file model_23.txt (compact mmCIF, C-alpha atoms (C1' of nucleotides))
# COMPACT_ATOMS: atom_id res chain seq x y z
CA MET G 15 9.17 -23.41 16.12
CA PRO G 16 11.30 -21.24 18.36
CA ALA G 17 9.57 -19.18 20.97
CA HIS G 18 10.48 -15.56 21.01
CA HIS G 19 13.89 -14.38 20.39
CA ASP G 20 16.50 -16.91 19.55
CA ALA G 21 17.98 -15.04 16.63
CA PRO G 22 19.53 -17.99 14.81
CA ALA G 23 22.98 -16.45 14.65
CA ALA G 24 23.80 -16.01 11.01
CA THR G 25 23.88 -19.47 9.61
CA VAL G 26 24.18 -17.90 6.20
CA ASP G 27 27.52 -18.55 4.63
CA ILE G 28 28.32 -15.72 2.29
CA ASP G 29 30.45 -17.80 -0.03
CA GLU G 30 27.75 -20.39 -0.22
CA VAL G 31 25.28 -17.81 -1.36
CA LEU G 32 27.71 -16.41 -3.88
CA GLU G 33 28.11 -19.91 -5.23
CA LEU G 34 24.36 -20.02 -5.61
CA VAL G 35 24.51 -16.76 -7.50
CA ARG G 36 27.06 -18.26 -9.84
CA ALA G 37 25.02 -21.42 -10.23
CA HIS G 38 22.20 -19.27 -11.55
CA GLY G 39 24.39 -17.70 -14.20
CA GLY G 40 25.13 -14.62 -12.14
CA ARG G 41 28.49 -13.08 -11.51
CA VAL G 42 30.17 -12.67 -8.20
CA THR G 43 31.17 -9.07 -7.77
CA SER G 44 32.56 -7.11 -4.88
CA ALA G 45 29.32 -5.12 -4.70
CA ARG G 46 27.34 -8.28 -4.20
CA ARG G 47 29.69 -9.64 -1.63
CA ALA G 48 29.53 -6.35 0.24
CA VAL G 49 25.74 -6.12 0.21
CA LEU G 50 25.47 -9.65 1.43
CA SER G 51 27.92 -9.15 4.22
CA ALA G 52 26.14 -5.97 5.30
CA LEU G 53 22.95 -7.96 5.69
CA VAL G 54 24.60 -10.83 7.49
CA SER G 55 26.32 -8.64 10.02
CA ALA G 56 23.27 -6.44 10.57
CA ASP G 57 21.36 -7.36 13.64
CA ALA G 58 18.32 -5.39 12.56
CA HIS G 59 16.54 -4.50 9.34
CA LEU G 60 18.17 -2.21 6.88
CA THR G 61 16.69 0.04 4.28
CA ALA G 62 18.34 0.02 0.88
CA GLU G 63 19.97 3.29 1.79
CA GLU G 64 21.32 1.89 5.04
CA VAL G 65 22.72 -1.08 3.18
CA ALA G 66 24.38 1.34 0.79
CA GLN G 67 25.88 3.25 3.70
CA ALA G 68 27.24 0.09 5.26
CA VAL G 69 28.67 -0.96 1.94
CA HIS G 70 30.26 2.43 1.42
CA SER G 71 32.65 2.09 4.33
CA ASP G 72 34.60 -0.42 2.29
CA HIS G 73 33.34 0.25 -1.21
CA PRO G 74 32.48 3.94 -1.56
CA ASP G 75 31.63 3.64 -5.22
CA VAL G 76 28.79 1.18 -5.03
CA HIS G 77 25.76 3.05 -6.24
CA LEU G 78 22.36 2.92 -4.54
CA SER G 79 20.82 1.52 -7.67
CA THR G 80 23.30 -1.33 -7.59
CA VAL G 81 22.24 -2.04 -4.04
CA TYR G 82 18.63 -2.18 -5.15
CA ARG G 83 19.50 -4.48 -8.02
CA THR G 84 21.56 -6.72 -5.80
CA LEU G 85 18.88 -6.92 -3.16
CA GLU G 86 16.39 -7.87 -5.79
CA ALA G 87 18.66 -10.55 -7.18
CA LEU G 88 19.18 -12.00 -3.72
CA GLU G 89 15.49 -11.88 -3.13
CA GLN G 90 14.87 -13.92 -6.25
CA LEU G 91 17.28 -16.51 -4.96
CA GLY G 92 15.31 -16.67 -1.74
CA VAL G 93 18.16 -15.39 0.39
CA VAL G 94 16.70 -12.00 1.22
CA THR G 95 13.24 -10.62 1.93
CA HIS G 96 11.88 -7.17 2.42
CA VAL G 97 9.18 -5.86 4.71
CA HIS G 98 7.24 -2.65 4.75
CA LEU G 99 7.37 -1.26 8.25
CA GLY G 100 5.14 1.65 7.36
CA HIS G 101 4.69 4.11 4.58
CA GLY G 102 8.27 4.93 3.78
CA LYS G 103 11.16 2.84 2.61
CA ALA G 104 11.24 -0.92 2.61
CA SER G 105 13.48 -2.84 5.00
CA TYR G 106 15.56 -5.80 4.02
CA HIS G 107 16.80 -8.76 5.98
CA LEU G 108 17.94 -12.32 5.52
CA ALA G 109 15.11 -14.60 4.54
CA GLU G 110 16.11 -17.19 7.11
CA ARG G 111 15.13 -14.76 9.83
CA VAL G 112 11.46 -14.55 8.99
CA HIS G 113 9.32 -13.02 11.67
CA HIS G 114 6.55 -10.52 12.15
CA HIS G 115 7.11 -6.86 12.81
CA ALA G 116 5.14 -4.32 14.78
CA ALA G 117 6.30 -0.83 13.96
CA CYS G 118 5.35 2.26 15.92
CA GLU G 119 4.09 4.99 13.65
CA VAL G 120 5.38 7.69 15.95
CA CYS G 121 8.86 6.71 17.05
CA GLY G 122 9.55 4.07 14.45
CA HIS G 123 10.46 1.47 17.01
CA VAL G 124 10.11 -2.07 15.73
CA ILE G 125 9.12 -5.06 17.80
CA GLU G 126 9.96 -8.45 16.38
CA LEU G 127 7.37 -11.13 16.82
CA PRO G 128 7.35 -14.88 16.27
CA ALA G 129 7.00 -15.95 12.66
CA ASP G 130 4.01 -18.15 13.39
CA LEU G 131 1.92 -15.43 15.01
CA LEU G 132 -0.69 -15.59 12.26
CA SER G 133 -0.60 -19.26 11.44
CA ASP G 134 -4.23 -19.71 12.43
CA VAL G 135 -5.35 -16.87 10.24
CA VAL G 136 -3.20 -18.09 7.39
CA ARG G 137 -4.78 -21.51 7.62
CA GLU G 138 -8.23 -20.04 7.69
CA LEU G 139 -7.56 -17.86 4.66
CA LYS G 140 -6.35 -20.89 2.76
CA GLU G 141 -9.15 -23.21 3.79
CA ARG G 142 -12.03 -20.80 3.53
CA HIS G 143 -10.93 -18.69 0.61
CA GLY G 144 -8.13 -20.52 -1.15
CA PHE G 145 -6.00 -17.49 -0.49
CA VAL G 146 -2.30 -18.08 0.06
CA ALA G 147 -1.18 -15.15 2.16
CA ASP G 148 2.31 -13.77 2.56
CA VAL G 149 1.67 -12.39 5.99
CA HIS G 150 5.20 -11.22 6.63
CA HIS G 151 5.30 -8.69 3.87
CA PHE G 152 3.65 -5.89 5.81
CA ALA G 153 4.30 -5.05 9.42
CA PHE G 154 1.68 -4.35 12.01
CA VAL G 155 1.51 -0.62 12.35
CA GLY G 156 0.34 1.16 15.45
CA HIS G 157 1.64 2.75 18.61
CA CYS G 158 4.11 1.38 21.08
CA THR G 159 3.71 1.73 24.82
CA THR G 160 5.47 5.06 25.03
CA CYS G 161 3.71 6.59 22.04
CA LEU G 162 0.12 5.75 22.86
CA PRO G 163 -2.44 7.33 20.54
CA GLU G 164 -4.06 10.42 21.98
CA GLY G 165 -7.18 9.83 23.98
CA HIS G 166 -6.00 6.38 24.85
CA ILE G 167 -6.27 5.34 28.47
CA ARG G 168 -3.22 3.70 29.86
CA MET E 17 -19.10 -11.78 -5.65
CA PRO E 18 -17.74 -11.71 -2.11
CA ALA E 19 -18.68 -14.51 0.20
CA HIS E 20 -20.09 -13.17 3.43
CA HIS E 21 -21.15 -9.68 2.74
CA ASP E 22 -22.98 -7.88 5.46
CA ALA E 23 -22.26 -4.49 3.98
CA PRO E 24 -24.22 -2.22 6.30
CA ALA E 25 -25.85 -0.35 3.43
CA ALA E 26 -24.60 3.24 3.54
CA THR E 27 -25.87 4.64 6.78
CA VAL E 28 -23.75 7.69 6.11
CA ASP E 29 -25.80 10.76 5.50
CA ILE E 30 -23.84 13.09 3.29
CA ASP E 31 -25.41 16.26 4.64
CA GLU E 32 -24.74 15.12 8.15
CA VAL E 33 -21.07 14.74 7.37
CA LEU E 34 -20.95 18.11 5.67
CA GLU E 35 -22.46 19.59 8.79
CA LEU E 36 -19.65 17.98 10.72
CA VAL E 37 -17.18 19.57 8.33
CA ARG E 38 -18.72 22.95 8.99
CA ALA E 39 -18.73 22.35 12.73
CA HIS E 40 -14.99 21.95 12.51
CA GLY E 41 -14.52 25.28 10.80
CA GLY E 42 -14.40 23.79 7.32
CA ARG E 43 -16.34 24.94 4.30
CA VAL E 44 -18.82 22.95 2.37
CA THR E 45 -17.86 22.97 -1.27
CA SER E 46 -19.15 21.14 -4.28
CA ALA E 47 -15.87 19.27 -4.51
CA ARG E 48 -16.29 17.93 -1.03
CA ARG E 49 -19.88 16.97 -1.58
CA ALA E 50 -18.89 15.17 -4.76
CA VAL E 51 -16.01 13.24 -3.20
CA LEU E 52 -18.21 12.17 -0.36
CA SER E 53 -21.00 11.01 -2.60
CA ALA E 54 -18.54 9.08 -4.74
CA LEU E 55 -17.44 7.17 -1.66
CA VAL E 56 -20.93 6.56 -0.42
CA SER E 57 -22.18 5.20 -3.70
CA ALA E 58 -19.08 3.11 -4.31
CA ASP E 59 -19.55 -0.52 -3.39
CA ALA E 60 -15.83 -1.17 -3.42
CA HIS E 61 -12.65 0.64 -2.53
CA LEU E 62 -11.51 3.52 -4.64
CA THR E 63 -8.09 4.92 -5.24
CA ALA E 64 -7.78 8.68 -5.16
CA GLU E 65 -7.65 8.63 -8.92
CA GLU E 66 -10.82 6.59 -9.14
CA VAL E 67 -12.55 8.98 -6.80
CA ALA E 68 -11.40 11.81 -9.05
CA GLN E 69 -12.79 10.02 -12.09
CA ALA E 70 -16.11 9.49 -10.41
CA VAL E 71 -16.21 13.11 -9.36
CA HIS E 72 -15.32 14.26 -12.85
CA SER E 73 -18.55 13.00 -14.39
CA ASP E 74 -20.37 15.83 -12.66
CA HIS E 75 -17.52 18.18 -11.81
CA PRO E 76 -14.82 17.91 -14.46
CA ASP E 77 -12.67 20.62 -12.94
CA VAL E 78 -12.00 19.08 -9.55
CA HIS E 79 -8.30 18.51 -9.42
CA LEU E 80 -6.71 15.31 -8.18
CA SER E 81 -4.89 17.25 -5.50
CA THR E 82 -8.21 18.53 -4.23
CA VAL E 83 -9.42 14.97 -4.01
CA TYR E 84 -6.39 14.07 -1.95
CA ARG E 85 -6.91 17.04 0.33
CA THR E 86 -10.59 16.27 0.73
CA LEU E 87 -9.95 12.63 1.50
CA GLU E 88 -7.45 13.65 4.11
CA ALA E 89 -9.87 16.09 5.67
CA LEU E 90 -12.57 13.44 5.81
CA GLU E 91 -10.10 11.03 7.29
CA GLN E 92 -9.31 13.46 10.07
CA LEU E 93 -12.99 13.66 10.85
CA GLY E 94 -13.10 9.90 11.11
CA VAL E 95 -15.46 9.49 8.18
CA VAL E 96 -13.01 7.93 5.76
CA THR E 97 -10.12 5.48 6.02
CA HIS E 98 -7.55 4.26 3.59
CA VAL E 99 -5.96 0.87 3.16
CA HIS E 100 -2.91 -0.29 1.29
CA LEU E 101 -3.85 -3.25 -0.82
CA GLY E 102 -0.32 -3.73 -2.04
CA HIS E 103 2.56 -1.66 -3.24
CA GLY E 104 0.76 0.85 -5.39
CA LYS E 105 -1.87 3.40 -4.63
CA ALA E 106 -3.91 3.54 -1.48
CA SER E 107 -7.62 2.73 -1.48
CA TYR E 108 -10.23 4.74 0.32
CA HIS E 109 -13.56 3.77 1.80
CA LEU E 110 -16.02 4.87 4.42
CA ALA E 111 -14.72 4.33 7.91
CA GLU E 112 -17.95 2.73 9.03
CA ARG E 113 -17.21 -0.19 6.76
CA VAL E 114 -14.06 -1.39 8.45
CA HIS E 115 -12.93 -4.83 7.45
CA HIS E 116 -9.84 -6.75 6.47
CA HIS E 117 -8.63 -7.14 2.94
CA ALA E 118 -6.79 -9.90 1.17
CA ALA E 119 -5.43 -8.71 -2.14
CA CYS E 120 -4.04 -10.96 -4.84
CA GLU E 121 -0.67 -9.75 -6.03
CA VAL E 122 -1.24 -11.11 -9.50
CA CYS E 123 -4.77 -10.24 -10.54
CA GLY E 124 -5.48 -7.61 -7.94
CA HIS E 125 -8.65 -9.24 -6.77
CA VAL E 126 -9.64 -8.23 -3.26
CA ILE E 127 -11.43 -10.43 -0.76
CA GLU E 128 -13.14 -8.67 2.10
CA LEU E 129 -12.87 -10.32 5.46
CA PRO E 130 -14.55 -9.74 8.80
CA ALA E 131 -13.22 -6.81 10.78
CA ASP E 132 -12.52 -8.92 13.84
CA LEU E 133 -10.35 -11.47 12.08
CA LEU E 134 -7.30 -10.47 14.07
CA SER E 135 -8.87 -9.60 17.37
CA ASP E 136 -6.95 -12.35 19.18
CA VAL E 137 -3.67 -11.14 17.80
CA VAL E 138 -4.54 -7.54 18.59
CA ARG E 139 -5.29 -8.48 22.17
CA GLU E 140 -2.05 -10.38 22.45
CA LEU E 141 -0.03 -7.51 21.06
CA LYS E 142 -1.59 -5.17 23.55
CA GLU E 143 -1.24 -7.44 26.57
CA ARG E 144 2.18 -8.79 25.88
CA HIS E 145 3.83 -5.78 24.31
CA GLY E 146 1.66 -2.77 25.05
CA PHE E 147 1.41 -2.30 21.32
CA VAL E 148 -1.83 -0.83 20.01
CA ALA E 149 -2.09 -2.10 16.47
CA ASP E 150 -4.08 -0.67 13.61
CA VAL E 151 -4.48 -3.97 11.83
CA HIS E 152 -6.73 -2.71 9.08
CA HIS E 153 -4.24 -0.37 7.55
CA PHE E 154 -2.46 -2.94 5.44
CA ALA E 155 -4.11 -5.73 3.52
CA PHE E 156 -3.03 -9.33 3.46
CA VAL E 157 -1.14 -9.81 0.26
CA GLY E 158 -0.75 -13.11 -1.49
CA HIS E 159 -2.31 -15.19 -4.23
CA CYS E 160 -5.93 -16.00 -4.80
CA THR E 161 -7.17 -19.42 -5.87
CA THR E 162 -6.78 -18.78 -9.57
CA CYS E 163 -3.37 -17.16 -9.32
CA LEU E 164 -1.55 -19.69 -7.18
CA PRO E 165 2.18 -19.07 -6.85
CA GLU E 166 4.30 -21.24 -9.06
CA GLY E 167 5.41 -24.48 -7.58
CA HIS E 168 2.42 -24.52 -5.31
CA ILE E 169 0.49 -27.74 -4.99
CA ARG E 170 -3.21 -27.32 -5.23
C1' DA X 14 34.91 -13.17 -26.36
C1' DT X 15 30.78 -13.09 -24.23
C1' DC X 16 27.36 -11.87 -21.45
C1' DT X 17 26.39 -9.79 -16.86
C1' DT X 18 26.87 -5.79 -13.76
C1' DT X 19 27.74 -1.29 -12.80
C1' DG X 20 27.53 3.88 -12.41
C1' DC X 21 25.20 7.58 -13.68
C1' DA X 22 21.40 10.27 -14.96
C1' DA X 23 16.95 10.39 -15.95
C1' DA X 24 12.25 8.48 -15.58
C1' DC X 25 8.66 6.89 -12.80
C1' DT X 26 4.65 6.66 -9.48
C1' DT X 27 2.01 8.27 -5.89
C1' DT X 28 1.29 11.89 -2.88
C1' DT X 29 2.31 16.51 -1.04
C1' DT X 30 3.07 21.44 -1.18
C1' DG X 31 3.59 26.61 -2.42
C1' DC X 32 1.20 30.04 -4.21
C1' DA X 33 -1.98 33.24 -6.25
C1' DC X 34 -6.83 33.32 -6.97
C1' DC X 35 -11.55 32.10 -5.74
C1' DA X 36 -15.36 31.03 -2.84
C1' DA X 37 -18.05 30.00 1.62
C1' DT X 38 -19.20 31.91 5.75
C1' DA A 11 -14.24 40.87 5.06
C1' DT A 12 -12.29 36.91 6.47
C1' DT A 13 -10.61 32.55 6.36
C1' DG A 14 -10.32 28.41 4.13
C1' DG A 15 -10.42 25.86 -0.45
C1' DT A 16 -8.96 25.23 -5.15
C1' DG A 17 -6.31 24.70 -9.56
C1' DC A 18 -2.06 24.41 -11.22
C1' DA A 19 2.66 23.44 -11.50
C1' DA A 20 6.39 21.88 -9.22
C1' DA A 21 8.57 19.14 -5.46
C1' DA A 22 9.12 15.04 -2.79
C1' DA A 23 10.26 10.28 -1.81
C1' DG A 24 11.42 5.71 -3.08
C1' DT A 25 12.44 2.86 -6.56
C1' DT A 26 13.28 1.59 -11.39
C1' DT A 27 15.36 1.86 -15.96
C1' DG A 28 18.24 2.89 -20.39
C1' DC A 29 22.60 3.13 -21.75
C1' DA A 30 27.50 2.92 -22.50
C1' DA A 31 31.52 1.49 -20.07
C1' DA A 32 33.65 -1.93 -16.96
C1' DG A 33 34.07 -6.52 -15.18
C1' DA A 34 33.44 -11.68 -14.47
C1' DT A 35 33.57 -15.95 -16.59
call {"tool": "encode", "arguments": {"input": "model_23.txt", "output": "structure tokens"}}
result
Amino acid sequence: MPAHHDAPAATVDIDEVLELVRAHGGRVTSARRAVLSALVSADAHLTAEEVAQAVHSDHPDVHLSTVYRTLEALEQLGVVTHVHLGHGKASYHLAERVHHHAACEVCGHVIELPADLLSDVVRELKERHGFVADVHHFAFVGHCTTCLPEGHIR
Amino acid sequence: MPAHHDAPAATVDIDEVLELVRAHGGRVTSARRAVLSALVSADAHLTAEEVAQAVHSDHPDVHLSTVYRTLEALEQLGVVTHVHLGHGKASYHLAERVHHHAACEVCGHVIELPADLLSDVVRELKERHGFVADVHHFAFVGHCTTCLPEGHIR
DNA sequence: ATCTTTGCAAACTTTTTGCACCAAT
DNA sequence: ATTGGTGCAAAAAGTTTGCAAAGAT
């Protein structure tokens, strides 16, 4: 497992994924291509709305609901995942870039953490309780260094 | 049902809390008393709606929005906390009973886990990133023994 | 020709809010 | 008499859905 931050520069080949879509009886549309390419070229996480915005620069007519549907389709194919960084909107990213997230409740800043951060806990949950946890689905929430909770001693 | 269950039998004195409410300039109403007693006598976690239902047996006119406002007030006083067991509604419980939760995405079953389960990770987040995490705010989601994800080998 | 996707509008779910009235101090 | 709480209805916020038209195969 990689240490901290070697973002495995997009090994996702868009056409390959679209072929996968086709293989599953889906159709390759410009909306899908655009959503996919928005995710591939994004360095960070994008909300559905942000994906829509990115898509709009080239394809102004792609509706937000189409983005949602496309993201869901790609998620079913295992290409995309979403995380909840807090209470609001979900964030989407390529599934190959799994990692943990720590999101500051105040400023919204997101720290990315190694994917295996909870492997001990995951093992314990499985062994002791038979529970198979998807530990990447929710971020750690809290306060980053600059937004320390009140009353907290630096 | 749960495995290790050292539920520290309700040490919360309702009148004491109500006194605290008053001390903070709040008023003691029957709605507040009822919400509080619903939480104290609940062995499990309750959604706002479930709290409302419990309250309704004695006070049918307490509105759901009042329940929300009361829960928020009690949360501010540090008496109550809420957790997100998954995508839907939040669950509320007494703050003195902090613990972790593992919630099955399929059947909804919730396992309670020791509060210190992530203390190592919390320490690491703080030391390495200055991030103060509130690790109890989101549950672990996944699949319990009887609802194993498809394709999973037992 | 067929079957999937899309745009749009409308529904949905959970929680919050504005406001006039009511109640606790 | 104050101030804060409550019921109600309506708004928010994020996501989903029904449907007829458009598009991919």
call {"tool": "interface_residues", "arguments": {"input": "model_23.txt", "of": "chain E", "to": "chain G", "cutoff": "6 Å", "atoms": "all atoms listed in the file", "output": "list in words"}}
result
Gly146, Phe147, Val148, Ala149, Asp150, Val157, Gly158, His159, Cys160 and Thr161 of chain E
call {"tool": "calpha_fit_and_write", "arguments": {"input": "model_23.txt", "fixed": "chain G", "moving": "chain E", "output": "compact mmCIF listing (two decimals) with C-alpha atoms, in the coordinates of the input"}}
result
# COMPACT_ATOMS: atom_id res chain seq x y z
CA MET E 17 16.04 -5.83 23.65
CA PRO E 18 13.45 -8.06 22.00
CA ALA E 19 11.58 -10.49 24.16
CA HIS E 20 11.77 -13.97 22.73
CA HIS E 21 14.67 -13.99 20.41
CA ASP E 22 15.65 -17.28 18.91
CA ALA E 23 17.59 -15.66 16.12
CA PRO E 24 19.09 -18.69 14.39
CA ALA E 25 22.57 -17.18 14.32
CA ALA E 26 23.50 -16.61 10.68
CA THR E 27 23.62 -20.03 9.13
CA VAL E 28 24.01 -18.33 5.78
CA ASP E 29 27.36 -18.95 4.24
CA ILE E 30 28.21 -16.04 2.01
CA ASP E 31 30.35 -18.05 -0.39
CA GLU E 32 27.64 -20.62 -0.69
CA VAL E 33 25.18 -17.96 -1.76
CA LEU E 34 27.65 -16.49 -4.22
CA GLU E 35 28.04 -19.93 -5.69
CA LEU E 36 24.29 -20.01 -6.09
CA VAL E 37 24.48 -16.67 -7.86
CA ARG E 38 27.03 -18.08 -10.26
CA ALA E 39 24.98 -21.22 -10.79
CA HIS E 40 22.20 -18.99 -12.03
CA GLY E 41 24.40 -17.32 -14.60
CA GLY E 42 25.17 -14.33 -12.40
CA ARG E 43 28.56 -12.86 -11.69
CA VAL E 44 30.20 -12.58 -8.36
CA THR E 45 31.22 -9.01 -7.77
CA SER E 46 32.60 -7.18 -4.80
CA ALA E 47 29.39 -5.19 -4.58
CA ARG E 48 27.36 -8.33 -4.23
CA ARG E 49 29.68 -9.82 -1.68
CA ALA E 50 29.52 -6.60 0.31
CA VAL E 51 25.73 -6.33 0.26
CA LEU E 52 25.42 -9.91 1.34
CA SER E 53 27.85 -9.54 4.18
CA ALA E 54 26.09 -6.40 5.35
CA LEU E 55 22.87 -8.37 5.63
CA VAL E 56 24.46 -11.31 7.34
CA SER E 57 26.18 -9.23 9.97
CA ALA E 58 23.16 -7.02 10.56
CA ASP E 59 21.17 -8.03 13.61
CA ALA E 60 18.19 -5.97 12.54
CA HIS E 61 16.45 -4.99 9.34
CA LEU E 62 18.13 -2.62 6.98
CA THR E 63 16.70 -0.26 4.45
CA ALA E 64 18.40 -0.18 1.08
CA GLU E 65 20.04 3.05 2.12
CA GLU E 66 21.34 1.51 5.32
CA VAL E 67 22.73 -1.40 3.38
CA ALA E 68 24.43 1.09 1.09
CA GLN E 69 25.91 2.89 4.08
CA ALA E 70 27.22 -0.32 5.52
CA VAL E 71 28.69 -1.28 2.18
CA HIS E 72 30.28 2.13 1.79
CA SER E 73 32.65 1.66 4.72
CA ASP E 74 34.62 -0.79 2.62
CA HIS E 75 33.41 0.04 -0.88
CA PRO E 76 32.58 3.73 -1.09
CA ASP E 77 31.75 3.61 -4.78
CA VAL E 78 28.88 1.15 -4.71
CA HIS E 79 25.89 3.06 -5.88
CA LEU E 80 22.50 2.90 -4.20
CA SER E 81 20.96 1.64 -7.41
CA THR E 82 23.41 -1.24 -7.40
CA VAL E 83 22.31 -2.07 -3.89
CA TYR E 84 18.71 -2.14 -5.03
CA ARG E 85 19.57 -4.35 -7.98
CA THR E 86 21.61 -6.69 -5.81
CA LEU E 87 18.89 -6.96 -3.20
CA GLU E 88 16.42 -7.79 -5.91
CA ALA E 89 18.69 -10.43 -7.36
CA LEU E 90 19.17 -12.01 -3.95
CA GLU E 91 15.46 -11.89 -3.40
CA GLN E 92 14.86 -13.80 -6.60
CA LEU E 93 17.23 -16.47 -5.37
CA GLY E 94 15.22 -16.72 -2.19
CA VAL E 95 18.06 -15.55 0.02
CA VAL E 96 16.63 -12.18 0.96
CA THR E 97 13.17 -10.81 1.70
CA HIS E 98 11.84 -7.36 2.30
CA VAL E 99 9.14 -6.12 4.61
CA HIS E 100 7.23 -2.88 4.78
CA LEU E 101 7.34 -1.61 8.31
CA GLY E 102 5.14 1.34 7.51
CA HIS E 103 4.73 3.91 4.82
CA GLY E 104 8.33 4.71 4.07
CA LYS E 105 11.18 2.63 2.84
CA ALA E 106 11.23 -1.12 2.73
CA SER E 107 13.46 -3.14 5.05
CA TYR E 108 15.53 -6.09 3.98
CA HIS E 109 16.71 -9.14 5.86
CA LEU E 110 17.81 -12.68 5.27
CA ALA E 111 14.97 -14.89 4.18
CA GLU E 112 15.92 -17.59 6.65
CA ARG E 113 14.93 -15.26 9.45
CA VAL E 114 11.27 -14.96 8.62
CA HIS E 115 9.13 -13.48 11.33
CA HIS E 116 6.38 -10.97 11.89
CA HIS E 117 6.97 -7.35 12.68
CA ALA E 118 5.04 -4.84 14.72
CA ALA E 119 6.24 -1.34 14.04
CA CYS E 120 5.34 1.70 16.10
CA GLU E 121 4.12 4.53 13.92
CA VAL E 122 5.44 7.13 16.31
CA CYS E 123 8.90 6.07 17.41
CA GLY E 124 9.56 3.49 14.75
CA HIS E 125 10.43 0.79 17.20
CA VAL E 126 10.02 -2.69 15.79
CA ILE E 127 8.98 -5.75 17.76
CA GLU E 128 9.78 -9.09 16.20
CA LEU E 129 7.16 -11.75 16.55
CA PRO E 130 7.10 -15.47 15.86
CA ALA E 131 6.75 -16.42 12.22
CA ASP E 132 3.72 -18.60 12.85
CA LEU E 133 1.66 -15.92 14.57
CA LEU E 134 -0.92 -15.93 11.81
CA SER E 135 -0.89 -19.56 10.84
CA ASP E 136 -4.54 -20.02 11.83
CA VAL E 137 -5.61 -17.08 9.74
CA VAL E 138 -3.48 -18.23 6.83
CA ARG E 139 -5.11 -21.64 6.96
CA GLU E 140 -8.54 -20.10 7.08
CA LEU E 141 -7.84 -17.85 4.13
CA LYS E 142 -6.67 -20.80 2.12
CA GLU E 143 -9.51 -23.12 3.06
CA ARG E 144 -12.33 -20.67 2.90
CA HIS E 145 -11.21 -18.47 0.05
CA GLY E 146 -8.44 -20.29 -1.77
CA PHE E 147 -6.27 -17.31 -1.02
CA VAL E 148 -2.58 -17.98 -0.48
CA ALA E 149 -1.40 -15.15 1.71
CA ASP E 150 2.10 -13.84 2.17
CA VAL E 151 1.50 -12.55 5.66
CA HIS E 152 5.05 -11.48 6.34
CA HIS E 153 5.21 -8.85 3.68
CA PHE E 154 3.58 -6.10 5.68
CA ALA E 155 4.21 -5.38 9.33
CA PHE E 156 1.59 -4.72 11.94
CA VAL E 157 1.48 -1.00 12.42
CA GLY E 158 0.30 0.70 15.55
CA HIS E 159 1.61 2.15 18.78
CA CYS E 160 4.04 0.66 21.22
CA THR E 161 3.64 0.90 24.99
CA THR E 162 5.43 4.21 25.31
CA CYS E 163 3.72 5.85 22.36
CA LEU E 164 0.10 5.06 23.12
CA PRO E 165 -2.39 6.82 20.85
CA GLU E 166 -4.00 9.84 22.39
CA GLY E 167 -7.18 9.22 24.26
CA HIS E 168 -6.12 5.69 24.97
CA ILE E 169 -6.58 4.38 28.47
CA ARG E 170 -3.60 2.56 29.81
call {"tool": "residues_around", "arguments": {"input": "model_23.txt", "residues": "segment 15-22 of chain X", "least_positions_apart": "4", "cutoff": "12 Å", "atoms": "all atoms listed in the file", "output": "JSON, numbers by chain"}}
result
{"G": [35, 36, 38, 39, 40, 41, 42, 43, 44, 45, 46, 74, 75, 76, 77, 78, 79, 80, 81, 82, 83, 84, 87], "A": [27, 28, 29, 30, 31, 32, 33, 34, 35]}
call {"tool": "residues_around", "arguments": {"input": "model_23.txt", "residues": "segment 24-28 of chain X", "least_positions_apart": "4", "cutoff": "8 Å", "atoms": "only C-alpha atoms (C1' of nucleotides)", "output": "PDB file with C-alpha atoms (C1' of nucleotides), keeping the file's coordinate frame"}}
result
ATOM      1  CA  GLY E 104       0.760   0.850  -5.390  1.00  0.00           C
ATOM      2  CA  LYS E 105      -1.870   3.400  -4.630  1.00  0.00           C
TER       3      LYS E 105
ATOM      4  C1'  DT A  26      13.280   1.590 -11.390  1.00  0.00           C
ATOM      5  C1'  DT A  27      15.360   1.860 -15.960  1.00  0.00           C
TER       6       DT A  27
END
call {"tool": "closest_residue", "arguments": {"input": "model_23.txt", "among": "E:Val126, E:Ala106, E:Leu34, E:Leu55", "to": "chain X", "atoms": "all atoms listed in the file"}}
result
E:Ala106
call {"tool": "atom_distance", "arguments": {"input": "model_23.txt", "atom1": "atom CA of Ser73 of chain E", "atom2": "atom CA of Leu36 of chain E"}}
result
25.6 Å
call {"tool": "closest_residue", "arguments": {"input": "model_23.txt", "among": "G:Ala62, G:Val112, G:Val97, G:Val26", "to": "chain A", "atoms": "only C-alpha atoms (C1' of nucleotides)"}}
result
G:Ala62
call {"tool": "closest_residue", "arguments": {"input": "model_23.txt", "among": "G:Ser55, G:Thr61, G:Leu91, G:Ala68", "to": "Ala37 of chain G", "atoms": "all atoms listed in the file"}}
result
G:Leu91
call {"tool": "atom_distance", "arguments": {"input": "model_23.txt", "atom1": "atom CA of Ala109 of chain G", "atom2": "atom CA of Arg47 of chain G"}}
result
16.6 Å
